[in-house]
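So this block is data-v7.pdb, PDB, C-alpha atoms and all ligand atoms:
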ATOM      1  CA  MET A 272       0.000   0.000   0.000
ATOM      2  CA  SER A 273       1.291   3.503  -0.731
ATOM      3  CA  TYR A 274       0.968   6.364   1.746
ATOM      4  CA  ASN A 275       1.452  10.153   1.587
ATOM      5  CA  ASN A 276       2.749  10.675   5.133
ATOM      6  CA  ILE A 277       4.372   7.468   6.312
ATOM      7  CA  VAL A 278       6.921   4.965   5.036
ATOM      8  CA  VAL A 279       6.660   1.263   5.908
ATOM      9  CA  LYS A 280       9.664  -1.079   5.541
ATOM     10  CA  GLU A 281       9.867  -4.716   6.522
ATOM     11  CA  ASN A 282      13.197  -6.380   7.200
ATOM     12  CA  ASN A 283      13.288  -9.992   8.260
ATOM     13  CA  GLY A 284      10.297  -9.891  10.621
ATOM     14  CA  ILE A 285      10.866  -6.363  11.909
ATOM     15  CA  THR A 286       8.751  -3.624  10.358
ATOM     16  CA  THR A 287       9.670   0.030  10.734
ATOM     17  CA  ILE A 288       6.952   2.628  10.281
ATOM     18  CA  THR A 289       8.377   6.127   9.769
ATOM     19  CA  ILE A 290       6.194   9.200  10.037
ATOM     20  CA  ASN A 291       7.374  11.289   7.137
ATOM     21  CA  ARG A 292       6.395  14.975   7.327
ATOM     22  CA  PRO A 293       9.806  16.383   8.303
ATOM     23  CA  ASN A 294       8.912  19.925   7.190
ATOM     24  CA  LYS A 295       6.132  19.927   9.778
ATOM     25  CA  LEU A 296       8.266  18.085  12.347
ATOM     26  CA  ASN A 297       6.072  15.032  11.617
ATOM     27  CA  ALA A 298       2.995  16.676  13.188
ATOM     28  CA  LEU A 299      -0.014  14.370  13.170
ATOM     29  CA  ASN A 300      -2.705  15.576  10.812
ATOM     30  CA  MET A 301      -5.840  13.469  10.362
ATOM     31  CA  GLU A 302      -4.552  11.922   7.144
ATOM     32  CA  THR A 303      -1.402  10.717   8.941
ATOM     33  CA  ILE A 304      -3.476   9.320  11.805
ATOM     34  CA  LYS A 305      -5.626   7.384   9.315
ATOM     35  CA  GLU A 306      -2.588   6.125   7.422
ATOM     36  CA  LEU A 307      -0.972   4.978  10.665
ATOM     37  CA  HIS A 308      -4.178   3.126  11.544
ATOM     38  CA  GLU A 309      -4.139   1.330   8.178
ATOM     39  CA  ALA A 310      -0.441   0.498   8.466
ATOM     40  CA  PHE A 311      -0.750  -0.915  12.001
ATOM     41  CA  LYS A 312      -3.823  -2.914  10.961
ATOM     42  CA  ASP A 313      -1.985  -4.348   7.928
ATOM     43  CA  GLU A 314       1.136  -5.206   9.917
ATOM     44  CA  GLU A 315      -0.927  -6.898  12.622
ATOM     45  CA  ALA A 316      -2.441  -9.136   9.930
ATOM     46  CA  ASP A 317       0.881  -9.723   8.144
ATOM     47  CA  GLU A 318       2.360 -13.027   9.302
ATOM     48  CA  ASP A 319       5.873 -11.901   8.335
ATOM     49  CA  THR A 320       5.847  -8.996  10.818
ATOM     50  CA  LYS A 321       6.822  -9.958  14.350
ATOM     51  CA  VAL A 322       7.737  -6.579  15.882
ATOM     52  CA  ILE A 323       7.000  -2.986  14.810
ATOM     53  CA  ILE A 324       9.268   0.020  15.363
ATOM     54  CA  LEU A 325       7.668   3.470  15.085
ATOM     55  CA  THR A 326       9.864   6.506  14.443
ATOM     56  CA  GLY A 327       9.918   9.943  12.801
ATOM     57  CA  SER A 328      11.837  11.062   9.732
ATOM     58  CA  GLY A 329      14.612  13.645   9.903
ATOM     59  CA  GLU A 330      16.980  14.398  12.747
ATOM     60  CA  LYS A 331      14.821  16.792  14.678
ATOM     61  CA  ALA A 332      11.502  15.229  15.577
ATOM     62  CA  PHE A 333       9.692  12.032  16.400
ATOM     63  CA  VAL A 334       6.376  13.903  16.270
ATOM     64  CA  ALA A 335       5.953  17.559  17.370
ATOM     65  CA  GLY A 336       2.293  17.043  18.241
ATOM     66  CA  ALA A 337      -1.105  17.000  16.674
ATOM     67  CA  ASP A 338      -1.243  19.338  13.672
ATOM     68  CA  ILE A 339      -2.320  22.588  15.327
ATOM     69  CA  SER A 340      -3.338  24.139  11.994
ATOM     70  CA  GLU A 341      -6.063  21.489  11.591
ATOM     71  CA  PHE A 342      -7.944  22.099  14.823
ATOM     72  CA  ALA A 343      -7.325  25.786  15.618
ATOM     73  CA  ASP A 344     -10.926  26.742  14.607
ATOM     74  CA  PHE A 345     -12.736  23.689  16.022
ATOM     75  CA  ASP A 346     -15.769  24.032  18.325
ATOM     76  CA  VAL A 347     -16.637  21.874  21.366
ATOM     77  CA  LYS A 348     -18.256  19.099  19.337
ATOM     78  CA  GLU A 349     -15.448  18.950  16.787
ATOM     79  CA  GLY A 350     -12.820  18.944  19.550
ATOM     80  CA  THR A 351     -14.580  16.086  21.331
ATOM     81  CA  ASN A 352     -14.836  14.078  18.096
ATOM     82  CA  LEU A 353     -11.166  14.726  17.264
ATOM     83  CA  ALA A 354     -10.012  13.213  20.562
ATOM     84  CA  ALA A 355     -12.518  10.334  20.462
ATOM     85  CA  LYS A 356     -11.680   9.306  16.905
ATOM     86  CA  GLY A 357      -7.916   9.657  17.365
ATOM     87  CA  GLN A 358      -7.953   7.606  20.557
ATOM     88  CA  ARG A 359     -10.047   4.890  18.925
ATOM     89  CA  ILE A 360      -8.270   4.495  15.599
ATOM     90  CA  LEU A 361      -4.683   5.124  16.638
ATOM     91  CA  PHE A 362      -3.707   5.511  20.287
ATOM     92  CA  ASP A 363      -5.858   2.748  21.865
ATOM     93  CA  PHE A 364      -5.411   0.720  18.706
ATOM     94  CA  VAL A 365      -1.607   0.724  19.030
ATOM     95  CA  GLU A 366      -1.691   0.040  22.773
ATOM     96  CA  ASN A 367      -3.885  -3.004  22.212
ATOM     97  CA  LEU A 368      -2.100  -4.294  19.122
ATOM     98  CA  SER A 369      -1.279  -7.996  19.438
ATOM     99  CA  LYS A 370       2.280  -7.400  18.209
ATOM    100  CA  PRO A 371       4.950  -5.445  20.119
ATOM    101  CA  VAL A 372       5.361  -1.810  19.114
ATOM    102  CA  ILE A 373       8.561   0.031  20.107
ATOM    103  CA  ALA A 374       8.722   3.826  19.841
ATOM    104  CA  ALA A 375      12.138   5.018  18.617
ATOM    105  CA  VAL A 376      11.953   8.601  19.899
ATOM    106  CA  ASN A 377      14.449  10.382  17.653
ATOM    107  CA  GLY A 378      13.809  14.026  18.604
ATOM    108  CA  PHE A 379      10.888  16.176  19.776
ATOM    109  CA  ALA A 380       7.977  14.077  21.084
ATOM    110  CA  LEU A 381       5.479  16.713  22.103
ATOM    111  CA  GLY A 382       1.744  16.639  22.710
ATOM    112  CA  GLY A 383       0.218  14.002  20.429
ATOM    113  CA  GLY A 384       3.768  12.861  19.646
ATOM    114  CA  LEU A 385       4.524  11.929  23.238
ATOM    115  CA  GLU A 386       1.006  10.502  23.528
ATOM    116  CA  LEU A 387       1.733   8.286  20.531
ATOM    117  CA  ALA A 388       5.073   7.192  21.993
ATOM    118  CA  MET A 389       3.283   6.409  25.278
ATOM    119  CA  ALA A 390       0.666   4.317  23.456
ATOM    120  CA  CYS A 391       3.528   2.148  22.127
ATOM    121  CA  HIS A 392       4.525  -0.792  24.342
ATOM    122  CA  PHE A 393       7.830   0.809  25.319
ATOM    123  CA  ARG A 394      10.129   3.657  24.287
ATOM    124  CA  ILE A 395      13.800   4.104  23.427
ATOM    125  CA  ALA A 396      15.148   7.632  22.907
ATOM    126  CA  SER A 397      18.103   9.268  21.226
ATOM    127  CA  ASP A 398      20.084  11.682  23.381
ATOM    128  CA  ASN A 399      18.730  14.744  21.519
ATOM    129  CA  ALA A 400      15.086  13.822  22.268
ATOM    130  CA  LYS A 401      12.843  16.234  24.138
ATOM    131  CA  MET A 402       9.483  15.207  25.540
ATOM    132  CA  GLY A 403       6.499  17.046  26.942
ATOM    133  CA  LEU A 404       2.767  17.668  26.866
ATOM    134  CA  PRO A 405       2.565  21.428  26.161
ATOM    135  CA  GLU A 406      -1.195  21.507  25.449
ATOM    136  CA  VAL A 407      -2.153  23.851  28.323
ATOM    137  CA  SER A 408       0.103  26.484  26.722
ATOM    138  CA  LEU A 409      -2.368  26.353  23.798
ATOM    139  CA  GLY A 410      -5.448  26.527  26.030
ATOM    140  CA  VAL A 411      -6.298  22.847  25.690
ATOM    141  CA  ILE A 412      -5.354  19.590  27.455
ATOM    142  CA  PRO A 413      -3.828  16.375  26.101
ATOM    143  CA  GLY A 414      -6.635  14.577  24.256
ATOM    144  CA  TYR A 415      -4.986  11.439  22.929
ATOM    145  CA  GLY A 416      -4.637   9.660  26.267
ATOM    146  CA  GLY A 417      -1.835  11.795  27.732
ATOM    147  CA  THR A 418      -3.580  12.580  31.020
ATOM    148  CA  GLN A 419      -4.008   8.840  31.600
ATOM    149  CA  ARG A 420      -0.812   7.274  30.258
ATOM    150  CA  LEU A 421       1.690   9.847  31.569
ATOM    151  CA  PRO A 422       0.751   9.279  35.260
ATOM    152  CA  GLN A 423       0.749   5.511  34.621
ATOM    153  CA  LEU A 424       4.334   5.746  33.392
ATOM    154  CA  ILE A 425       5.938   8.412  35.597
ATOM    155  CA  GLY A 426       3.559   8.819  38.569
ATOM    156  CA  LYS A 427       0.834  11.343  39.298
ATOM    157  CA  GLY A 428       2.906  14.152  40.828
ATOM    158  CA  ARG A 429       5.446  14.258  38.012
ATOM    159  CA  ALA A 430       2.685  14.067  35.393
ATOM    160  CA  MET A 431       0.785  16.910  37.076
ATOM    161  CA  GLU A 432       3.902  19.091  37.059
ATOM    162  CA  LEU A 433       4.882  18.281  33.472
ATOM    163  CA  ILE A 434       1.357  18.894  32.149
ATOM    164  CA  MET A 435       0.715  22.035  34.248
ATOM    165  CA  THR A 436       4.046  23.669  33.390
ATOM    166  CA  ALA A 437       3.864  22.606  29.713
ATOM    167  CA  SER A 438       7.606  22.098  29.915
ATOM    168  CA  MET A 439       9.883  19.649  28.142
ATOM    169  CA  ILE A 440      12.218  17.103  29.677
ATOM    170  CA  ASP A 441      15.333  15.791  27.965
ATOM    171  CA  ALA A 442      16.121  12.157  27.230
ATOM    172  CA  ASN A 443      18.098  11.585  30.430
ATOM    173  CA  GLN A 444      15.350  13.015  32.596
ATOM    174  CA  ALA A 445      12.866  10.804  30.709
ATOM    175  CA  LEU A 446      15.111   7.818  31.481
ATOM    176  CA  ASN A 447      15.271   8.831  35.116
ATOM    177  CA  TYR A 448      11.450   9.098  35.192
ATOM    178  CA  GLY A 449      11.006   5.681  33.523
ATOM    179  CA  LEU A 450       9.307   7.247  30.520
ATOM    180  CA  VAL A 451      11.896   5.688  28.199
ATOM    181  CA  ASN A 452      13.763   2.417  28.748
ATOM    182  CA  HIS A 453      17.088   3.347  27.136
ATOM    183  CA  VAL A 454      18.907   6.412  25.790
ATOM    184  CA  THR A 455      21.465   6.188  23.024
ATOM    185  CA  THR A 456      22.978   8.289  20.249
ATOM    186  CA  GLN A 457      20.957   9.237  17.173
ATOM    187  CA  GLU A 458      23.062   6.877  15.023
ATOM    188  CA  GLU A 459      22.560   3.973  17.398
ATOM    189  CA  LEU A 460      18.835   4.504  17.985
ATOM    190  CA  LEU A 461      17.423   2.300  15.221
ATOM    191  CA  PRO A 462      20.150  -0.361  15.543
ATOM    192  CA  LEU A 463      19.404  -0.641  19.289
ATOM    193  CA  CYS A 464      15.641  -0.849  18.646
ATOM    194  CA  GLU A 465      16.285  -3.510  16.002
ATOM    195  CA  LYS A 466      18.527  -5.490  18.346
ATOM    196  CA  ILE A 467      15.813  -5.547  21.021
ATOM    197  CA  ALA A 468      13.134  -6.297  18.400
ATOM    198  CA  ARG A 469      15.225  -9.240  17.139
ATOM    199  CA  LYS A 470      15.473 -10.626  20.666
ATOM    200  CA  ILE A 471      11.680 -10.334  21.049
ATOM    201  CA  SER A 472      11.069 -11.958  17.666
ATOM    202  CA  ASN A 473      12.903 -15.140  18.757
ATOM    203  CA  ASN A 474      10.185 -15.762  21.351
ATOM    204  CA  SER A 475       6.637 -17.053  20.933
ATOM    205  CA  THR A 476       4.524 -14.432  19.176
ATOM    206  CA  VAL A 477       1.351 -16.020  20.566
ATOM    207  CA  ALA A 478       2.641 -15.856  24.134
ATOM    208  CA  ILE A 479       3.793 -12.262  23.622
ATOM    209  CA  SER A 480       0.340 -11.297  22.408
ATOM    210  CA  SER A 481      -1.160 -12.898  25.556
ATOM    211  CA  ALA A 482       1.353 -11.004  27.717
ATOM    212  CA  ILE A 483       0.357  -7.681  26.089
ATOM    213  CA  LYS A 484      -3.325  -8.408  26.838
ATOM    214  CA  ALA A 485      -2.631  -9.378  30.439
ATOM    215  CA  ILE A 486      -0.397  -6.368  31.167
ATOM    216  CA  ASN A 487      -2.853  -3.943  29.541
ATOM    217  CA  ALA A 488      -5.708  -5.481  31.568
ATOM    218  CA  HIS A 489      -4.285  -3.855  34.701
ATOM    219  CA  TYR A 490      -5.129  -0.435  33.275
ATOM    220  CA  LYS A 491      -8.657  -1.186  32.059
ATOM    221  CA  ASP A 492     -11.655  -0.096  34.113
ATOM    222  CA  GLY A 493     -13.683  -2.912  35.619
ATOM    223  CA  VAL A 494     -11.278  -5.599  34.426
ATOM    224  CA  ASN A 495      -9.427  -7.862  36.848
ATOM    225  CA  GLY A 496      -5.916  -8.236  35.482
ATOM    226  CA  PHE A 497      -5.204 -11.347  37.560
ATOM    227  CA  ASN A 498      -8.239 -13.076  35.991
ATOM    228  CA  ILE A 499      -7.130 -12.077  32.485
ATOM    229  CA  GLU A 500      -3.683 -13.452  33.298
ATOM    230  CA  ILE A 501      -5.215 -16.780  34.364
ATOM    231  CA  GLN A 502      -7.253 -16.967  31.131
ATOM    232  CA  GLU A 503      -4.337 -16.027  28.885
ATOM    233  CA  PHE A 504      -1.975 -18.370  30.743
ATOM    234  CA  GLY A 505      -4.466 -21.211  30.220
ATOM    235  CA  ASN A 506      -4.932 -20.353  26.529
ATOM    236  CA  CYS A 507      -1.193 -20.703  25.959
ATOM    237  CA  PHE A 508      -1.458 -24.416  26.813
ATOM    238  CA  GLY A 509      -3.577 -24.916  23.674
ATOM    239  CA  THR A 510      -1.012 -23.412  21.286
ATOM    240  CA  ASP A 511       1.569 -25.034  19.007
ATOM    241  CA  ASP A 512       4.098 -22.500  20.328
ATOM    242  CA  PHE A 513       3.702 -23.943  23.837
ATOM    243  CA  THR A 514       4.220 -27.489  22.545
ATOM    244  CA  GLU A 515       7.306 -26.369  20.616
ATOM    245  CA  GLY A 516       8.716 -24.224  23.458
ATOM    246  CA  THR A 517       8.436 -26.917  26.115
ATOM    247  CA  THR A 518       9.524 -29.758  23.782
ATOM    248  CA  ALA A 519      12.578 -27.778  22.639
ATOM    249  CA  PHE A 520      13.535 -27.097  26.252
ATOM    250  CA  LEU A 521      13.277 -30.786  27.190
ATOM    251  CA  GLN A 522      15.232 -31.774  24.067
ATOM    252  CA  LYS A 523      17.890 -29.167  24.920
ATOM    253  CA  ARG A 524      17.542 -27.333  21.613
ATOM    254  CA  LYS A 525      16.507 -23.826  20.571
ATOM    255  CA  ALA A 526      12.767 -23.446  20.005
ATOM    256  CA  ASP A 527      11.549 -22.715  16.490
ATOM    257  CA  PHE A 528       8.124 -21.253  17.155
ATOM    258  CA  PRO A 529       5.428 -21.764  14.522
ATOM    259  CA  GLY A 530       3.616 -18.648  15.793
ATOM    260  CA  LYS A 531       0.285 -20.452  16.308
TER     261      LYS A 531
HETATM  262  N1  LIG A 601       1.403  21.385  14.311
HETATM  263  C1  LIG A 601       1.550  21.970  13.114
HETATM  264  N2  LIG A 601       2.722  22.387  12.631
HETATM  265  C2  LIG A 601       3.799  22.203  13.406
HETATM  266  C3  LIG A 601       3.728  21.610  14.680
HETATM  267  C4  LIG A 601       2.463  21.185  15.125
HETATM  268  N3  LIG A 601       2.288  20.574  16.304
HETATM  269  N4  LIG A 601       4.968  21.580  15.219
HETATM  270  C5  LIG A 601       5.801  22.135  14.321
HETATM  271  N5  LIG A 601       5.091  22.516  13.216
HETATM  272  C6  LIG A 601       5.602  23.169  11.988
HETATM  273  C7  LIG A 601       5.876  24.648  12.211
HETATM  274  O1  LIG A 601       4.686  25.389  12.092
HETATM  275  C8  LIG A 601       6.852  24.908  11.106
HETATM  276  O2  LIG A 601       6.137  24.990   9.891
HETATM  277  P1  LIG A 601       6.456  26.186   8.834
HETATM  278  O3  LIG A 601       7.923  26.021   8.478
HETATM  279  O4  LIG A 601       5.529  25.902   7.699
HETATM  280  O5  LIG A 601       6.191  27.458   9.568
HETATM  281  C9  LIG A 601       7.670  23.628  11.041
HETATM  282  O6  LIG A 601       6.856  22.617  11.662
HETATM  283  C10 LIG A 601       8.988  23.701  11.789
HETATM  284  O7  LIG A 601       8.709  24.093  13.127
HETATM  285  P2  LIG A 601       9.432  25.342  13.851
HETATM  286  O8  LIG A 601       8.530  25.799  14.945
HETATM  287  O9  LIG A 601       9.859  26.350  12.841
HETATM  288  O10 LIG A 601      10.718  24.608  14.463
HETATM  289  P3  LIG A 601      11.549  25.067  15.747
HETATM  290  O11 LIG A 601      12.789  24.241  15.734
HETATM  291  O12 LIG A 601      11.692  26.544  15.787
HETATM  292  O13 LIG A 601      10.663  24.646  17.014
HETATM  293  C11 LIG A 601       9.213  23.177  18.294
HETATM  294  C12 LIG A 601      10.389  23.294  17.294
HETATM  295  C13 LIG A 601       8.877  21.711  18.420
HETATM  296  C14 LIG A 601       9.647  23.715  19.663
HETATM  297  C15 LIG A 601       8.005  23.999  17.777
HETATM  298  O14 LIG A 601       7.770  23.613  16.433
HETATM  299  C16 LIG A 601       6.741  23.790  18.554
HETATM  300  O15 LIG A 601       6.598  24.327  19.647
HETATM  301  N6  LIG A 601       5.772  23.028  17.989
HETATM  302  C17 LIG A 601       4.488  22.827  18.579
HETATM  303  C18 LIG A 601       4.591  21.847  19.739
HETATM  304  C19 LIG A 601       3.235  21.684  20.396
HETATM  305  O16 LIG A 601       2.700  22.580  21.033
HETATM  306  N7  LIG A 601       2.672  20.460  20.258
HETATM  307  C20 LIG A 601       1.453  20.112  20.880
HETATM  308  C21 LIG A 601       0.331  20.266  19.939
HETATM  309  S1  LIG A 601      -1.209  19.848  20.725
END
Hey, can you dump this file as C-alpha cells for me?
Amino acid sequence: MSYNNIVVKENNGITTITINRPNKLNALNMETIKELHEAFKDEEADEDTKVIILTGSGEKAFVAGADISEFADFDVKEGTNLAAKGQRILFDFVENLSKPVIAAVNGFALGGGLELAMACHFRIASDNAKMGLPEVSLGVIPGYGGTQRLPQLIGKGRAMELIMTASMIDANQALNYGLVNHVTTQEELLPLCEKIARKISNNSTVAISSAIKAINAHYKDGVNGFNIEIQEFGNCFGTDDFTEGTTAFLQKRKADFPGK
C-alpha cells in the first residue's frame, strides 16, 4: 500500500513505520493518523511482521504534536470528536495491538507525539530527544490519552507538574522518570531498537500477544488483570508454540516457534 505521510519497511520480521512529514516536524494531521491506523492494521495481519518500530523522519523530531493548523478553529463538538476518533483508531489501537510496538523517539515528542510514543509498548530515545505535553500552553489539554498514560508511566505528581508547566524534559530526565527504557545516540537509535526487536522476535509471538493483553488489563476499568492473566496463561497451553517451546527445552535445543 502507498501512503502520503508514512513509510513502511519490513526487514526480516521487523517492520519500521516512519512518520514522514519532516517539514512539519512530523505533526499528526488526520490523514497521517488514518494512514498509521491502516499500516498498524496491515502489519498486525501480516504473518511476516513480528515486531513494529515506530519513528519519525529527519533528525529533529519524532512527532511535534497533533497538527495545530487542523484544529485551531474547532468548536466543542469537533474537539470532542477529534479526541474520540484519534484515541479509537490510533492511540488505543496501538496500545492493544497484538504485536509489540517500540517507539524510537528520535527528537521532539510533544503533545500528540509523546502521547503516541506512550501508546507504544515501550520507548527508546536518542540523546537529543525532548518530551512534553505542552497543550495547556495552547489553552487545551492532552486529548490522545496523555492525562491517563503519563501518570501511569511516571507517577501522578510528576505528570501533574509536566502537564501544568507545559515544559519539556530531555532524554536523560525521561530515562530517570522511567518514561523511556534506554537512551542512546541518534546513530545507534534504530540499531538498538532492532537489536531488542530481534530478541523479542525469537520468542513465541502467541505468548507475547497474551502477555500484552494481560499487562494492559491492569489499566482497564472494571477488568481484573489477575483473571485475564489466568485466562491467557491457560490459553497458551492450547497453542503449538507452547508445545514447541516446552519440547525444545526438554530436548535441549533452541525453540523454532510456529507462531500459532
Ligand atoms: N502542528 C503543526 N505544525 C507544526 C507543529 C504542530 N504541532 N509543530 C511544528 N510545526 C511546523 C511549524 O509550524 C513549522 O512549519 P512552517 O515552516 O511551515 O512554519 C515547522 O513545523 C517547523 O517548526 P518550527 O517551529 O519552525 O521549528 P523550531 O525548531 O523553531 O521549534 C518546536 C520546534 C517543536 C519547539 C516547535 O515547532 C513547537 O513548539 N511546535 C508545537 C509543539 C506543540 O505545542 N505540540 C502540541 C500540539 S497539541
Polymer residues at most 12 Å from Ile471 (chain A), all atoms listed in the file, same-chain spacing of 4 or more positions, as a list in words: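 Everything that qualifies: Gly284, Ile285, Thr320, Lys321, Val322, Ile323, Lys370, Pro371, Val372, Ile373, Cys464, Glu465, Lys466, Ile467, Ser475, Thr476, Val477, Ala478, Ile479 and Ser480 of chain A.
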Of the residues A:Phe345, A:Gly416, A:Leu368, A:Gly378, which is the one nearest to Pro293 (chain A), using all atoms listed in the file? A:Gly378
Report as a list of chain:residue names the full result of the PyMOL selection byres (((chain A and resi 506-516) around 7) and not hetatm) when it is applied to this structure. A:Ser475, A:Ala478, A:Gln502, A:Glu503, A:Phe504, A:Gly505, A:Thr517, A:Thr518, A:Ala519, A:Phe520, A:Ala526, A:Asp527, A:Phe528, A:Pro529, A:Gly530, A:Lys531
Compare A:Ile499, A:Ile360, A:Ala298, A:Ala430 by their minimum atom-to-atom distance to Asn487 (chain A), counting only C-alpha atoms, and give me the closest one.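 Nearest to Asn487 (chain A): A:Ile499.
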Going by the chain IDs and residue numbers used in this file, which residues fall under the PyMOL selection byres (((chain A and resi 330) around 12) and not hetatm)? Write them as JSON, numbers by chain. {"A": [291, 292, 293, 294, 296, 297, 326, 327, 328, 329, 331, 332, 333, 334, 376, 377, 378, 379, 397, 398, 399, 400, 456, 457, 458, 460]}
Evaluate the PyMOL selection byres (((not hetatm)) within 7 of (chain A and resi 601)) on the structure here and hand back the selected residues as an mmCIF file with C-alpha atoms, keeping the file's coordinate frame.
data_model
loop_
_atom_site.group_PDB
_atom_site.id
_atom_site.type_symbol
_atom_site.label_atom_id
_atom_site.label_comp_id
_atom_site.auth_asym_id
_atom_site.auth_seq_id
_atom_site.Cartn_x
_atom_site.Cartn_y
_atom_site.Cartn_z
ATOM 1 C CA ASN A 294 8.912 19.925 7.190
ATOM 2 C CA LYS A 295 6.132 19.927 9.778
ATOM 3 C CA LEU A 296 8.266 18.085 12.347
ATOM 4 C CA ALA A 298 2.995 16.676 13.188
ATOM 5 C CA ALA A 335 5.953 17.559 17.370
ATOM 6 C CA GLY A 336 2.293 17.043 18.241
ATOM 7 C CA ALA A 337 -1.105 17.000 16.674
ATOM 8 C CA ASP A 338 -1.243 19.338 13.672
ATOM 9 C CA ILE A 339 -2.320 22.588 15.327
ATOM 10 C CA SER A 340 -3.338 24.139 11.994
ATOM 11 C CA PHE A 379 10.888 16.176 19.776
ATOM 12 C CA LEU A 381 5.479 16.713 22.103
ATOM 13 C CA GLY A 382 1.744 16.639 22.710
ATOM 14 C CA GLY A 383 0.218 14.002 20.429
ATOM 15 C CA LEU A 404 2.767 17.668 26.866
ATOM 16 C CA PRO A 405 2.565 21.428 26.161
ATOM 17 C CA GLU A 406 -1.195 21.507 25.449
ATOM 18 C CA LEU A 409 -2.368 26.353 23.798
ATOM 19 C CA PRO A 413 -3.828 16.375 26.101
#
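Using only C-alpha atoms, the nearest neighbour of Ser408 (chain A) within the list A:Ala388, A:Val451, A:Leu424, A:Met435 is A:Met435.
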Mind giving me the straight-line distance from CA of Met272 (chain A) to CA of Glu314 (chain A) in Å, one decimal?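 Distance between the two atoms: 11.3 Å.
Closest to Ala437 (chain A) among A:Ile412, A:Ala375, A:Glu341, A:His453 is A:Ile412, based on all atoms listed in the file.
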When you count all atoms listed in the file, which of these residues is closest to Lys401 (chain A): A:Asp441, A:Glu281, A:Glu315, A:Glu500? A:Asp441
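For the pair CA of Ala396 (chain A) and CA of Met439 (chain A), the interatomic distance is 14.1 Å.
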12 Å contact set for His489 (chain A), only C-alpha atoms, chain neighbours under 5 positions out, as a ChimeraX atom specification: /A:423,482-484,494-500
Provide the CA of Arg420 (chain A) to CA of Glu366 (chain A) distance in Å, to one decimal place.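 Straight-line distance from CA of Arg420 (chain A) to CA of Glu366 (chain A) works out to 10.4 Å.
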Identify which of the residues A:Ile395, A:Ala445, A:Met431, A:Ala355 lies closest to Tyr415 (chain A), counting all atoms listed in the file when measuring atom-to-atom distances. A:Ala355
